[in-house]
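A.B. asks: coords16.cif is reproduced in full below (mmCIF, C-alpha atoms).
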```cif
data_upload
#
loop_
_atom_site.label_atom_id
_atom_site.label_comp_id
_atom_site.auth_asym_id
_atom_site.auth_seq_id
_atom_site.Cartn_x
_atom_site.Cartn_y
_atom_site.Cartn_z
CA MET A 1 -23.17 -34.59 -0.73
CA SER A 2 -21.00 -33.07 1.98
CA ILE A 3 -17.22 -33.41 1.82
CA ILE A 4 -15.34 -33.45 5.12
CA THR A 5 -11.67 -32.51 4.92
CA LYS A 6 -9.49 -34.51 7.27
CA TYR A 7 -6.49 -32.82 8.85
CA ASP A 8 -3.52 -34.36 10.63
CA GLU A 9 -3.88 -36.08 13.99
CA ALA A 10 -2.91 -33.03 16.09
CA ILE A 11 -5.48 -30.72 14.47
CA GLU A 12 -8.23 -33.35 14.54
CA SER A 13 -7.56 -33.96 18.25
CA ALA A 14 -7.65 -30.21 18.93
CA LEU A 15 -10.97 -29.91 17.05
CA GLU A 16 -12.53 -32.69 19.13
CA GLN A 17 -11.41 -31.01 22.35
CA ILE A 18 -12.72 -27.61 21.23
CA GLU A 19 -16.08 -29.10 20.22
CA GLY A 20 -16.38 -30.53 23.75
CA HIS A 21 -16.21 -26.99 25.18
CA LEU A 22 -18.79 -25.50 22.78
CA HIS A 23 -22.27 -25.67 24.34
CA SER A 24 -24.14 -22.83 22.59
CA ASP A 25 -25.97 -22.95 19.27
CA TYR A 26 -24.02 -21.20 16.49
CA ARG A 27 -26.23 -22.29 13.55
CA ILE A 28 -23.20 -23.91 11.89
CA SER A 29 -21.33 -27.05 12.90
CA LYS A 30 -19.10 -26.97 15.96
CA ARG A 31 -16.31 -28.38 13.79
CA MET A 32 -16.49 -25.28 11.57
CA ILE A 33 -16.48 -23.04 14.64
CA GLY A 34 -13.38 -24.88 15.86
CA LEU A 35 -11.61 -24.45 12.51
CA MET A 36 -12.31 -20.73 12.49
CA LEU A 37 -11.02 -20.46 16.05
CA LEU A 38 -7.82 -22.24 15.02
CA GLN A 39 -7.47 -19.79 12.12
CA ASN A 40 -7.78 -16.87 14.55
CA ASP A 41 -11.03 -15.45 13.18
CA ALA A 42 -11.56 -12.36 15.37
CA GLU A 43 -15.37 -12.32 15.02
CA ILE A 44 -15.72 -16.00 15.98
CA HIS A 45 -13.36 -15.54 18.94
CA ARG A 46 -15.50 -12.66 20.18
CA LEU A 47 -18.72 -14.65 19.71
CA VAL A 48 -17.41 -17.75 21.50
CA LYS A 49 -16.02 -15.67 24.35
CA GLU A 50 -19.44 -14.06 24.87
CA ASN A 51 -21.38 -17.33 24.70
CA GLU A 52 -19.10 -19.80 26.48
CA GLY A 53 -17.74 -17.75 29.37
CA LYS A 54 -15.05 -19.67 31.28
CA GLU A 55 -14.98 -22.41 28.63
CA TYR A 56 -13.31 -19.90 26.30
CA ASP A 57 -10.15 -19.94 28.45
CA ALA A 58 -9.90 -23.72 28.02
CA ILE A 59 -10.36 -23.33 24.27
CA GLN A 60 -7.61 -20.72 24.16
CA SER A 61 -5.30 -23.11 26.01
CA ILE A 62 -5.99 -25.84 23.42
CA ILE A 63 -5.24 -23.41 20.56
CA GLU A 64 -1.97 -22.26 22.14
CA ASN A 65 -0.87 -25.87 22.64
CA ILE A 66 -1.58 -26.85 19.03
CA LYS A 67 0.28 -23.77 17.72
CA SER A 68 3.52 -25.04 19.22
CA ASN A 69 3.43 -28.07 16.88
CA TYR A 70 3.84 -26.01 13.71
CA SER A 71 6.35 -23.51 12.32
CA HIS A 72 3.64 -21.83 10.21
CA SER A 73 0.36 -20.29 11.35
CA LEU A 74 -2.62 -22.61 11.74
CA GLY A 75 -4.46 -20.61 9.11
CA TYR A 76 -1.73 -21.45 6.60
CA ILE A 77 -1.76 -25.16 7.55
CA VAL A 78 -5.55 -25.41 7.21
CA THR A 79 -5.50 -23.58 3.87
CA MET A 80 -2.81 -25.86 2.44
CA VAL A 81 -4.74 -29.02 3.45
CA ARG A 82 -7.89 -27.62 1.86
CA GLN A 83 -6.00 -26.73 -1.31
CA SER A 84 -4.68 -30.28 -1.52
CA LYS A 85 -8.22 -31.63 -1.11
CA VAL A 86 -9.46 -29.31 -3.88
CA ASN A 87 -6.74 -30.57 -6.20
CA GLU A 88 -7.75 -34.19 -5.49
CA ILE A 89 -11.38 -33.42 -6.36
CA LEU A 90 -10.39 -31.59 -9.55
CA GLU A 91 -8.23 -34.51 -10.70
CA ASP A 92 -11.29 -36.78 -10.51
CA VAL A 93 -13.64 -34.52 -12.48
CA ILE A 94 -11.42 -32.61 -14.92
CA THR A 95 -9.65 -34.07 -17.93
CA ILE A 96 -7.04 -32.02 -19.79
CA SER A 97 -6.89 -33.24 -23.37
CA GLU A 98 -3.61 -31.59 -24.27
CA LYS A 99 -1.01 -29.51 -22.53
CA GLN A 100 -1.64 -25.82 -23.10
CA LYS A 101 1.23 -23.59 -24.04
CA GLU A 102 2.32 -21.15 -21.39
CA ARG A 103 1.32 -17.64 -22.32
CA PHE A 104 3.81 -14.77 -22.46
CA GLY A 105 2.10 -13.05 -19.51
CA GLU A 106 2.54 -16.16 -17.35
CA LYS A 107 6.24 -16.43 -18.24
CA LEU A 108 6.79 -12.74 -17.51
CA GLY A 109 4.90 -13.08 -14.21
CA ARG A 110 7.21 -15.89 -13.08
CA LEU A 111 10.26 -13.85 -14.10
CA MET A 112 9.00 -10.94 -11.97
CA MET A 113 8.93 -13.16 -8.86
CA ASN A 114 12.31 -14.84 -9.41
CA PRO A 115 15.03 -12.89 -7.53
CA LEU A 116 17.53 -13.31 -10.39
CA THR A 117 15.21 -11.72 -12.94
CA GLY A 118 12.77 -9.92 -10.66
CA VAL A 119 15.34 -7.48 -9.25
CA PRO A 120 16.44 -6.24 -12.73
CA ILE A 121 12.76 -5.85 -13.67
CA LEU A 122 12.19 -3.87 -10.46
CA ILE A 123 15.18 -1.64 -11.32
CA LEU A 124 13.70 -1.04 -14.78
CA ALA A 125 10.38 -0.12 -13.16
CA LEU A 126 12.16 2.33 -10.83
CA ILE A 127 14.01 3.85 -13.79
CA PHE A 128 10.68 4.26 -15.59
CA ILE A 129 9.25 5.98 -12.51
CA TYR A 130 12.33 8.22 -12.18
CA TYR A 131 12.26 9.46 -15.77
CA SER A 132 8.48 9.83 -15.77
CA VAL A 133 8.20 11.63 -12.44
CA GLY A 134 11.69 13.07 -11.97
CA VAL A 135 12.64 14.13 -15.50
CA PHE A 136 9.31 14.72 -17.26
CA GLY A 137 7.19 15.77 -14.25
CA ALA A 138 9.73 17.62 -12.10
CA GLY A 139 11.72 18.91 -15.08
CA ILE A 140 9.76 19.60 -18.23
CA LEU A 141 6.26 20.13 -16.79
CA VAL A 142 7.40 22.18 -13.79
CA ASP A 143 9.57 24.43 -16.01
CA LEU A 144 6.63 24.92 -18.37
CA LEU A 145 4.02 25.68 -15.69
CA GLU A 146 6.15 27.49 -13.12
CA GLY A 147 8.46 29.34 -15.50
CA LYS A 148 6.35 30.20 -18.53
CA PHE A 149 2.70 29.84 -17.49
CA PHE A 150 2.74 31.36 -13.98
CA GLY A 151 6.11 33.14 -14.14
CA ASP A 152 7.12 35.86 -11.68
CA ALA A 153 6.33 39.53 -11.16
CA GLU A 154 8.03 40.55 -14.43
CA SER A 155 7.54 37.58 -16.78
CA GLY A 156 5.00 34.83 -17.42
CA LEU A 157 1.36 34.66 -18.44
CA ILE A 158 -0.46 34.89 -15.11
CA ILE A 159 1.50 36.39 -12.20
CA PRO A 160 2.39 39.80 -13.80
CA TYR A 161 -1.23 40.49 -14.75
CA ILE A 162 -2.64 39.38 -11.39
CA THR A 163 -0.03 41.45 -9.57
CA ARG A 164 -0.83 44.62 -11.53
CA PHE A 165 -4.58 44.06 -11.15
CA THR A 166 -4.28 43.55 -7.38
CA GLU A 167 -2.13 46.66 -6.96
CA LYS A 168 -4.76 48.74 -8.78
CA VAL A 169 -7.74 47.35 -6.88
CA ILE A 170 -6.19 47.24 -3.38
CA PRO A 171 -4.41 50.46 -2.37
CA TRP A 172 -2.84 49.11 0.83
CA VAL A 173 0.50 47.34 0.35
CA PHE A 174 0.15 45.17 3.44
CA LEU A 175 -3.14 43.81 2.08
CA GLN A 176 -1.66 43.40 -1.40
CA ASP A 177 0.97 41.14 0.17
CA LEU A 178 -1.76 38.74 1.26
CA PHE A 179 -2.60 37.92 -2.37
CA VAL A 180 0.52 38.74 -4.46
CA HIS A 181 4.18 39.71 -4.16
CA GLU A 182 6.71 37.35 -2.58
CA TYR A 183 4.50 35.40 -0.13
CA GLY A 184 0.99 35.98 -1.48
CA ILE A 185 -1.73 33.34 -1.64
CA ILE A 186 -1.64 33.39 -5.46
CA THR A 187 2.07 34.00 -6.08
CA LEU A 188 3.28 31.55 -3.44
CA GLY A 189 0.53 29.19 -2.24
CA ILE A 190 -1.46 28.49 -5.42
CA ARG A 191 1.56 28.90 -7.70
CA TYR A 192 3.66 26.36 -5.77
CA ALA A 193 0.75 23.94 -5.33
CA ILE A 194 -0.30 24.00 -9.00
CA ALA A 195 2.92 24.75 -10.88
CA ILE A 196 5.52 22.83 -8.85
CA VAL A 197 3.92 20.09 -6.74
CA PHE A 198 0.84 19.24 -8.83
CA PRO A 199 2.65 18.13 -12.05
CA ILE A 200 4.99 15.86 -10.09
CA VAL A 201 2.19 14.37 -8.02
CA GLY A 202 -0.06 14.06 -11.08
CA ILE A 203 2.53 12.15 -13.13
CA PHE A 204 3.24 9.90 -10.15
CA PHE A 205 -0.46 9.09 -9.80
CA ILE A 206 -0.67 8.20 -13.50
CA VAL A 207 2.44 5.99 -13.36
CA PHE A 208 1.29 4.31 -10.15
CA SER A 209 -2.15 3.61 -11.66
CA ILE A 210 -0.48 2.00 -14.69
CA ILE A 211 1.71 -0.25 -12.53
CA GLU A 212 -1.22 -1.08 -10.23
CA ASP A 213 -3.50 -2.06 -13.12
CA THR A 214 -0.98 -4.42 -14.73
CA GLY A 215 -1.01 -6.79 -11.74
CA TYR A 216 2.66 -6.14 -10.98
CA LEU A 217 2.20 -5.20 -7.31
CA PRO A 218 1.22 -8.73 -6.10
CA ARG A 219 4.28 -10.11 -7.91
CA LEU A 220 6.42 -7.44 -6.31
CA ALA A 221 4.98 -8.59 -2.96
CA MET A 222 6.19 -12.14 -3.68
CA LEU A 223 9.61 -10.83 -4.70
CA VAL A 224 10.25 -8.74 -1.56
CA ASP A 225 8.71 -11.19 0.92
CA ARG A 226 12.09 -12.42 2.21
CA VAL A 227 13.40 -8.88 2.70
CA PHE A 228 10.23 -7.81 4.47
CA LYS A 229 10.44 -10.77 6.85
CA PHE A 230 13.74 -9.24 8.00
CA ILE A 231 11.76 -6.23 9.29
CA GLY A 232 8.94 -8.26 10.83
CA LEU A 233 6.53 -7.98 7.88
CA ASN A 234 5.64 -10.14 4.89
CA GLY A 235 5.23 -9.51 1.18
CA ARG A 236 1.63 -8.34 1.58
CA ALA A 237 2.94 -5.21 3.34
CA VAL A 238 4.39 -3.98 0.05
CA ILE A 239 0.88 -2.81 -0.92
CA PRO A 240 0.49 -0.21 1.90
CA MET A 241 4.18 0.70 1.58
CA VAL A 242 3.83 1.49 -2.11
CA LEU A 243 0.51 3.25 -1.50
CA GLY A 244 2.34 5.36 1.08
CA LEU A 245 4.32 6.88 -1.78
CA GLY A 246 1.03 8.46 -2.83
CA CYS A 247 -0.73 9.17 0.48
CA ASP A 248 0.39 8.01 3.94
CA THR A 249 -3.14 8.37 5.33
CA MET A 250 -4.61 6.08 2.69
CA ALA A 251 -1.74 3.62 3.16
CA THR A 252 -2.26 3.54 6.94
CA LEU A 253 -5.90 2.57 6.38
CA VAL A 254 -4.77 -0.24 4.05
CA THR A 255 -2.56 -1.72 6.82
CA ARG A 256 -5.82 -3.25 8.11
CA THR A 257 -5.33 -5.94 5.45
CA LEU A 258 -2.27 -7.23 7.33
CA GLU A 259 -2.97 -10.29 9.47
CA THR A 260 -1.57 -9.43 12.90
CA LYS A 261 -1.57 -6.37 15.14
CA ARG A 262 2.23 -6.59 15.27
CA GLU A 263 2.51 -6.26 11.48
CA ARG A 264 0.04 -3.38 11.43
CA LEU A 265 2.02 -1.52 14.11
CA ILE A 266 5.35 -2.01 12.31
CA ALA A 267 3.91 -0.99 8.93
CA THR A 268 2.23 2.11 10.39
CA PHE A 269 5.43 3.07 12.21
CA LEU A 270 7.49 2.78 9.01
CA LEU A 271 4.91 4.73 6.99
CA ALA A 272 4.95 7.56 9.52
CA LEU A 273 8.73 7.54 9.89
CA GLY A 274 10.28 6.97 6.50
CA ILE A 275 7.91 6.58 3.54
CA PRO A 276 7.73 9.97 1.79
CA CYS A 277 4.22 10.75 0.51
CA ALA A 278 3.58 12.27 -2.92
CA ALA A 279 3.75 15.85 -1.67
CA GLN A 280 7.09 15.22 0.08
CA GLN A 281 8.45 13.39 -2.95
CA ALA A 282 7.54 16.34 -5.14
CA VAL A 283 9.79 18.58 -3.03
CA PHE A 284 12.68 16.08 -2.95
CA VAL A 285 12.41 15.13 -6.61
CA GLY A 286 12.13 18.78 -7.61
CA ILE A 287 15.36 19.56 -5.75
CA LEU A 288 17.33 16.42 -6.74
CA SER A 289 15.98 15.68 -10.24
CA LYS A 290 18.98 17.24 -11.99
CA ASN A 291 21.51 15.25 -9.95
CA ILE A 292 21.09 11.46 -10.26
CA SER A 293 23.86 10.77 -7.71
CA ALA A 294 22.14 12.88 -5.05
CA MET A 295 18.84 11.18 -5.89
CA MET A 296 20.39 7.72 -5.41
CA ILE A 297 21.93 8.79 -2.09
CA TRP A 298 18.53 9.98 -0.87
CA VAL A 299 16.85 6.73 -1.94
CA GLY A 300 19.63 4.73 -0.24
CA VAL A 301 19.27 6.68 3.01
CA VAL A 302 15.49 6.16 3.07
CA ALA A 303 15.84 2.42 2.30
CA GLY A 304 18.56 1.96 4.92
CA GLU A 305 16.51 3.80 7.52
CA LEU A 306 13.47 1.61 6.83
CA LEU A 307 15.49 -1.62 7.08
CA PHE A 308 17.28 -0.57 10.28
CA ILE A 309 14.23 0.79 12.11
CA GLY A 310 12.07 -2.08 10.84
CA TYR A 311 14.57 -4.65 12.11
CA LEU A 312 14.68 -3.00 15.56
CA SER A 313 10.87 -2.83 15.66
CA SER A 314 10.58 -6.54 14.81
CA LYS A 315 12.86 -7.34 17.76
CA VAL A 316 11.10 -5.06 20.24
CA LEU A 317 7.51 -5.97 19.40
CA PRO A 318 6.60 -9.53 20.46
CA GLY A 319 4.67 -11.89 18.21
CA GLU A 320 4.85 -14.70 15.67
CA LYS A 321 6.81 -14.50 12.45
CA PRO A 322 4.39 -13.54 9.68
CA SER A 323 3.36 -16.15 7.09
CA PHE A 324 2.51 -15.15 3.56
CA TYR A 325 0.45 -16.49 0.71
CA MET A 326 -1.35 -14.43 -1.92
CA GLU A 327 -3.57 -15.02 -4.91
CA LEU A 328 -1.92 -13.69 -8.06
CA PRO A 329 -4.17 -11.92 -10.57
CA PRO A 330 -3.33 -12.37 -14.27
CA LEU A 331 -0.71 -10.07 -15.71
CA ARG A 332 -2.36 -7.80 -18.28
CA LEU A 333 -2.06 -4.57 -20.22
CA PRO A 334 -3.48 -1.67 -18.20
CA LYS A 335 -6.92 -0.38 -19.17
CA PHE A 336 -7.21 3.30 -20.00
CA THR A 337 -10.55 3.68 -18.18
CA ASN A 338 -9.11 2.16 -14.99
CA ILE A 339 -6.08 4.46 -15.11
CA LEU A 340 -8.32 7.48 -15.72
CA THR A 341 -10.67 6.63 -12.84
CA LYS A 342 -7.88 5.96 -10.31
CA THR A 343 -5.90 9.04 -11.34
CA TYR A 344 -9.00 11.25 -11.18
CA SER A 345 -9.89 10.13 -7.64
CA ARG A 346 -6.33 10.73 -6.42
CA MET A 347 -6.09 14.11 -8.15
CA GLN A 348 -9.38 15.07 -6.50
CA TRP A 349 -7.90 14.16 -3.11
CA TYR A 350 -4.88 16.37 -3.83
CA LEU A 351 -6.93 19.35 -4.96
CA LEU A 352 -9.32 19.18 -2.00
CA GLU A 353 -6.85 18.44 0.79
CA ILE A 354 -3.37 19.64 -0.16
CA ILE A 355 -3.98 22.96 -1.95
CA PRO A 356 -5.81 24.44 1.11
CA LEU A 357 -2.69 23.67 3.18
CA PHE A 358 -0.54 25.75 0.79
CA ILE A 359 -3.03 28.61 1.05
CA ILE A 360 -3.04 28.41 4.87
CA ALA A 361 0.79 28.41 4.86
CA SER A 362 0.79 31.59 2.73
CA VAL A 363 -1.64 33.29 5.11
CA LEU A 364 0.48 32.33 8.14
CA ILE A 365 3.64 33.70 6.48
CA TRP A 366 1.77 36.93 5.67
CA ILE A 367 0.58 37.25 9.28
#
```
Using structure tokens, write down the structure that the file contains.

C.D. replies:
Amino acid sequence: MSIITKYDEAIESALEQIEGHLHSDYRISKRMIGLMLLQNDAEIHRLVKENEGKEYDAIQSIIENIKSNYSHSLGYIVTMVRQSKVNEILEDVITISEKQKERFGEKLGRLMMNPLTGVPILILALIFIYYSVGVFGAGILVDLLEGKFFGDAESGLIIPYITRFTEKVIPWVFLQDLFVHEYGIITLGIRYAIAIVFPIVGIFFIVFSIIEDTGYLPRLAMLVDRVFKFIGLNGRAVIPMVLGLGCDTMATLVTRTLETKRERLIATFLLALGIPCAAQQAVFVGILSKNISAMMIWVGVVAGELLFIGYLSSKVLPGEKPSFYMELPPLRLPKFTNILTKTYSRMQWYLLEIIPLFIIASVLIWI
């Protein structure tokens, strides 16, 4: 038994007109092709344009006319009508014997999306990140690795021995400087990459994996949706923005999940301009970790820059205001195996891509 969902008069009229311009065989109903065209399916638009020729221009005109009747995107309107139809069907076939009690996770999830309670929860999450990355990573771990494990030319477990060994093996001072002393590959490049940046980045990756695995990020997207609309984006853009705190390249690839080219351009621009990646954060956090006031000023400057530049970008770039709806996964305790897998893959990226840059920088300074 097939179920046909009826839409309002304007959409039904537009579908009839579109069907009249479709002459090719698409192996599915022309009504479905029309619905996908209204929802701006890029693949269907390309297919219809190839098959229908001049008729495609008439179809585009119909779509533009119907868009003017709604404040939301046609994709959102169609989805809401379908959801209503699904609810009607479920009411006929499902019987709930008794009202189930709301679980703690569901209550907490709603609190995370409510501005009155969601903002304090977000502040607590930021405090957790600060003390994990800023105090433990940039403070305790860096002091342990950089001060006691690597050390300098006179103290520590590694640098003094490597320096003496290099001076014995290589008689030329200028060549010794390539590997040890003030700007050597080992004493500067590898030491900074492993002892200073790596612990900060590593702790951040662990913390981010924990937050990601709990299901908090989609709820954060719902919370910041109104603010992001101010800069021409919607709540879904919080995913690439937060990912940008780890790796801007990875985050730029994730902008493909945003619906419109305008949103993708704005998000990419903000990632390139103002979102500090993990390596940059390690430097800033390492410098500012002992001064909370300076840290807050830095965070405020970055946030203000993003809002200001984002607002200007949303005014300069033409396009529709973004709509937003997202499926919320259940809130849960993070799984250790998931955290381990995600952290390992990100650590591998750091070791393979970032450490060589430190080594190259040491060689250039030596030259």

A.B. asks: Let me know the residues the PyMOL selection byres ((chain A and resi 55-68) around 9) catches in the file above, as a list in words.

C.D. replies: Ala10, Ile11, Ala14, Gln17, Ile18, His21, Leu22, Leu37, Leu38, His45, Val48, Lys49, Glu50, Asn51, Glu52, Gly53, Lys54, Asn69, Tyr70, Ser71, His72, Ser73 and Leu74 of chain A

A.B. asks: Nearest to Asn234 in chain A among A:Ala267, A:Leu111, A:Ile194, A:Leu307, with distances taken over all atoms listed in the file: which residue is it?

C.D. replies: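 The closest residue to Asn234 in chain A is A:Ala267.
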
A.B. asks: Written as an NGL selection string, which residues does the PyMOL selection byres ((chain A and resi 350-356) around 12) give for the file shown?

C.D. replies: :A and (185-186 or 188-202 or 205 or 246-247 or 249 or 277-280 or 343-349 or 357-363)

A.B. asks: Can you spell out as a PyMOL selection string the set of residues that the PyMOL selection byres ((chain A and resi 208) around 12) selects in the structure I just provided?

C.D. replies: chain A and resi 125-126+128-130+132-133+201-207+209-217+239+242-247+278+334+338-340+342-343+346

A.B. asks: I need the residue nearest Leu124 in chain A from this list: A:Leu317, A:Ala138, A:Val227, A:Met112. Use all atoms listed in the file for the distance.

C.D. replies: A:Met112

A.B. asks: From the options A:Arg110, A:Arg264, A:Arg103, A:Arg219, which residue's atoms come nearest to Ser314 in chain A, counting all atoms listed in the file?

C.D. replies: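 Ranking A:Arg110, A:Arg264, A:Arg103, A:Arg219 by distance to Ser314 in chain A, first place goes to A:Arg264.
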
A.B. asks: Range 25-35 of chain A, all listed atoms, 4 Å padding on each side: what axis-aligned box centre and edge lengths in Å to one decimal come out, as JSON?

C.D. replies:
```
{"center_x": -18.9, "center_y": -24.8, "center_z": 15.4, "size_x": 22.6, "size_y": 15.2, "size_z": 15.7}
```

A.B. asks: Can you measure CA of Asp248 in chain A to CA of Pro276 in chain A for me? One decimal in Å is fine.

C.D. replies: 7.9 Å

A.B. asks: Neighbouring residues of range 152-167 of chain A were defined as those with any atom within 9 Å, considering all atoms listed in the file; residues of the same chain fewer than 2 positions away were excluded. Please report them as a compact mmCIF listing (two decimals) with C-alpha atoms, in the coordinates of the input.

C.D. replies:
```txt
# COMPACT_ATOMS: atom_id res chain seq x y z
CA GLU A 146 6.15 27.49 -13.12
CA GLY A 147 8.46 29.34 -15.50
CA LYS A 148 6.35 30.20 -18.53
CA PHE A 149 2.70 29.84 -17.49
CA PHE A 150 2.74 31.36 -13.98
CA VAL A 169 -7.74 47.35 -6.88
CA ILE A 170 -6.19 47.24 -3.38
CA PRO A 171 -4.41 50.46 -2.37
CA TRP A 172 -2.84 49.11 0.83
CA VAL A 173 0.50 47.34 0.35
CA GLN A 176 -1.66 43.40 -1.40
CA PHE A 179 -2.60 37.92 -2.37
CA VAL A 180 0.52 38.74 -4.46
CA HIS A 181 4.18 39.71 -4.16
CA GLU A 182 6.71 37.35 -2.58
CA ILE A 186 -1.64 33.39 -5.46
CA THR A 187 2.07 34.00 -6.08
CA ARG A 191 1.56 28.90 -7.70
```

A.B. asks: Determine, counting all atoms listed in the file, which protein, DNA and RNA residues have an atom within 12 Å of an atom of Phe104 in chain A; residues of the same chain fewer than 3 positions away are not included. Present the result as a ChimeraX atom specification.

C.D. replies: /A:101,107-111,330-333

A.B. asks: For the residues selected in the previous step, produce a file with C-alpha atoms as a CSV table (one decimal), in the coordinates of the input.

C.D. replies:
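The resulting file, part_22.csv, is shown below:
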```
chain,number,residue,atom,x,y,z
A,101,LYS,CA,1.2,-23.6,-24.0
A,107,LYS,CA,6.2,-16.4,-18.2
A,108,LEU,CA,6.8,-12.7,-17.5
A,109,GLY,CA,4.9,-13.1,-14.2
A,110,ARG,CA,7.2,-15.9,-13.1
A,111,LEU,CA,10.3,-13.8,-14.1
A,330,PRO,CA,-3.3,-12.4,-14.3
A,331,LEU,CA,-0.7,-10.1,-15.7
A,332,ARG,CA,-2.4,-7.8,-18.3
A,333,LEU,CA,-2.1,-4.6,-20.2
```

A.B. asks: What is the CA of Lys315 in chain A to CA of Phe230 in chain A distance in Å?

C.D. replies: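 Here the two named atoms are 10.0 Å from each other.
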
A.B. asks: Within 12 Å of (-5.9, -30.5, 4.2) (coordinates as in the file), grab all the protein and nucleic acid residues, counting all atoms listed in the file, and write them out as an MDAnalysis selection string.

C.D. replies: chainID A and resid 3:9 11:12 35 74:88

A.B. asks: Can you tell me, as a ChimeraX atom specification, what residues are no more than 12 Å from Asn291 in chain A when counting only C-alpha atoms, ignoring any on the same chain fewer than 6 positions away?

C.D. replies: /A:130,134-135,139,284-285,297-298

A.B. asks: Go through A:Leu270, A:Ala221, A:Leu288, A:Ala251 and flag the residue nearest Leu312 in chain A, using all atoms listed in the file for the distances.

C.D. replies: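 Checking each of A:Leu270, A:Ala221, A:Leu288, A:Ala251 against Leu312 in chain A, counting all atoms listed in the file, the winner is A:Leu270.
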
A.B. asks: When you draw a straight line from CA of Phe269 in chain A to CA of Gly310 in chain A, how long is it in Å?

C.D. replies: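 Rounded to one decimal, the two atoms are 8.5 Å apart.
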
A.B. asks: Ranking A:Thr257, A:Asn114, A:Thr252, A:Thr337 by minimum distance to Arg236 in chain A and counting all atoms listed in the file, which one comes first?

C.D. replies: A:Thr257

A.B. asks: From the coordinates supplied, range 149-160 of chain A should be written with N, CA and C atoms, as a PDB file, in the first residue's frame.

C.D. replies:
```pdb
ATOM      1  N   PHE A 149      62.264  15.870  32.021  1.00  0.00           N
ATOM      2  CA  PHE A 149      62.573  14.761  31.119  1.00  0.00           C
ATOM      3  C   PHE A 149      63.581  15.192  30.050  1.00  0.00           C
ATOM      4  N   PHE A 150      63.246  16.252  29.271  1.00  0.00           N
ATOM      5  CA  PHE A 150      64.175  16.727  28.255  1.00  0.00           C
ATOM      6  C   PHE A 150      65.253  17.606  28.885  1.00  0.00           C
ATOM      7  N   GLY A 151      64.830  18.643  29.624  1.00  0.00           N
ATOM      8  CA  GLY A 151      65.772  19.532  30.286  1.00  0.00           C
ATOM      9  C   GLY A 151      66.499  20.439  29.313  1.00  0.00           C
ATOM     10  N   ASP A 152      67.675  20.944  29.748  1.00  0.00           N
ATOM     11  CA  ASP A 152      68.497  21.792  28.886  1.00  0.00           C
ATOM     12  C   ASP A 152      69.902  21.206  28.818  1.00  0.00           C
ATOM     13  N   ALA A 153      70.852  22.030  28.402  1.00  0.00           N
ATOM     14  CA  ALA A 153      72.215  21.516  28.203  1.00  0.00           C
ATOM     15  C   ALA A 153      72.873  21.061  29.494  1.00  0.00           C
ATOM     16  N   GLU A 154      72.408  21.544  30.651  1.00  0.00           N
ATOM     17  CA  GLU A 154      73.067  21.222  31.914  1.00  0.00           C
ATOM     18  C   GLU A 154      72.236  20.324  32.815  1.00  0.00           C
ATOM     19  N   SER A 155      70.913  20.265  32.622  1.00  0.00           N
ATOM     20  CA  SER A 155      70.064  19.456  33.495  1.00  0.00           C
ATOM     21  C   SER A 155      69.036  18.715  32.655  1.00  0.00           C
ATOM     22  N   GLY A 156      68.431  17.687  33.256  1.00  0.00           N
ATOM     23  CA  GLY A 156      67.442  16.893  32.541  1.00  0.00           C
ATOM     24  C   GLY A 156      67.962  15.497  32.236  1.00  0.00           C
ATOM     25  N   LEU A 157      67.078  14.665  31.696  1.00  0.00           N
ATOM     26  CA  LEU A 157      67.434  13.270  31.443  1.00  0.00           C
ATOM     27  C   LEU A 157      67.936  13.014  30.036  1.00  0.00           C
ATOM     28  N   ILE A 158      67.533  13.835  29.071  1.00  0.00           N
ATOM     29  CA  ILE A 158      67.839  13.527  27.671  1.00  0.00           C
ATOM     30  C   ILE A 158      68.822  14.507  27.046  1.00  0.00           C
ATOM     31  N   ILE A 159      68.527  15.797  27.074  1.00  0.00           N
ATOM     32  CA  ILE A 159      69.307  16.798  26.338  1.00  0.00           C
ATOM     33  C   ILE A 159      70.787  16.789  26.709  1.00  0.00           C
ATOM     34  N   PRO A 160      71.180  16.762  28.012  1.00  0.00           N
ATOM     35  CA  PRO A 160      72.620  16.783  28.329  1.00  0.00           C
ATOM     36  C   PRO A 160      73.381  15.618  27.710  1.00  0.00           C
TER      37      PRO A 160
END
```
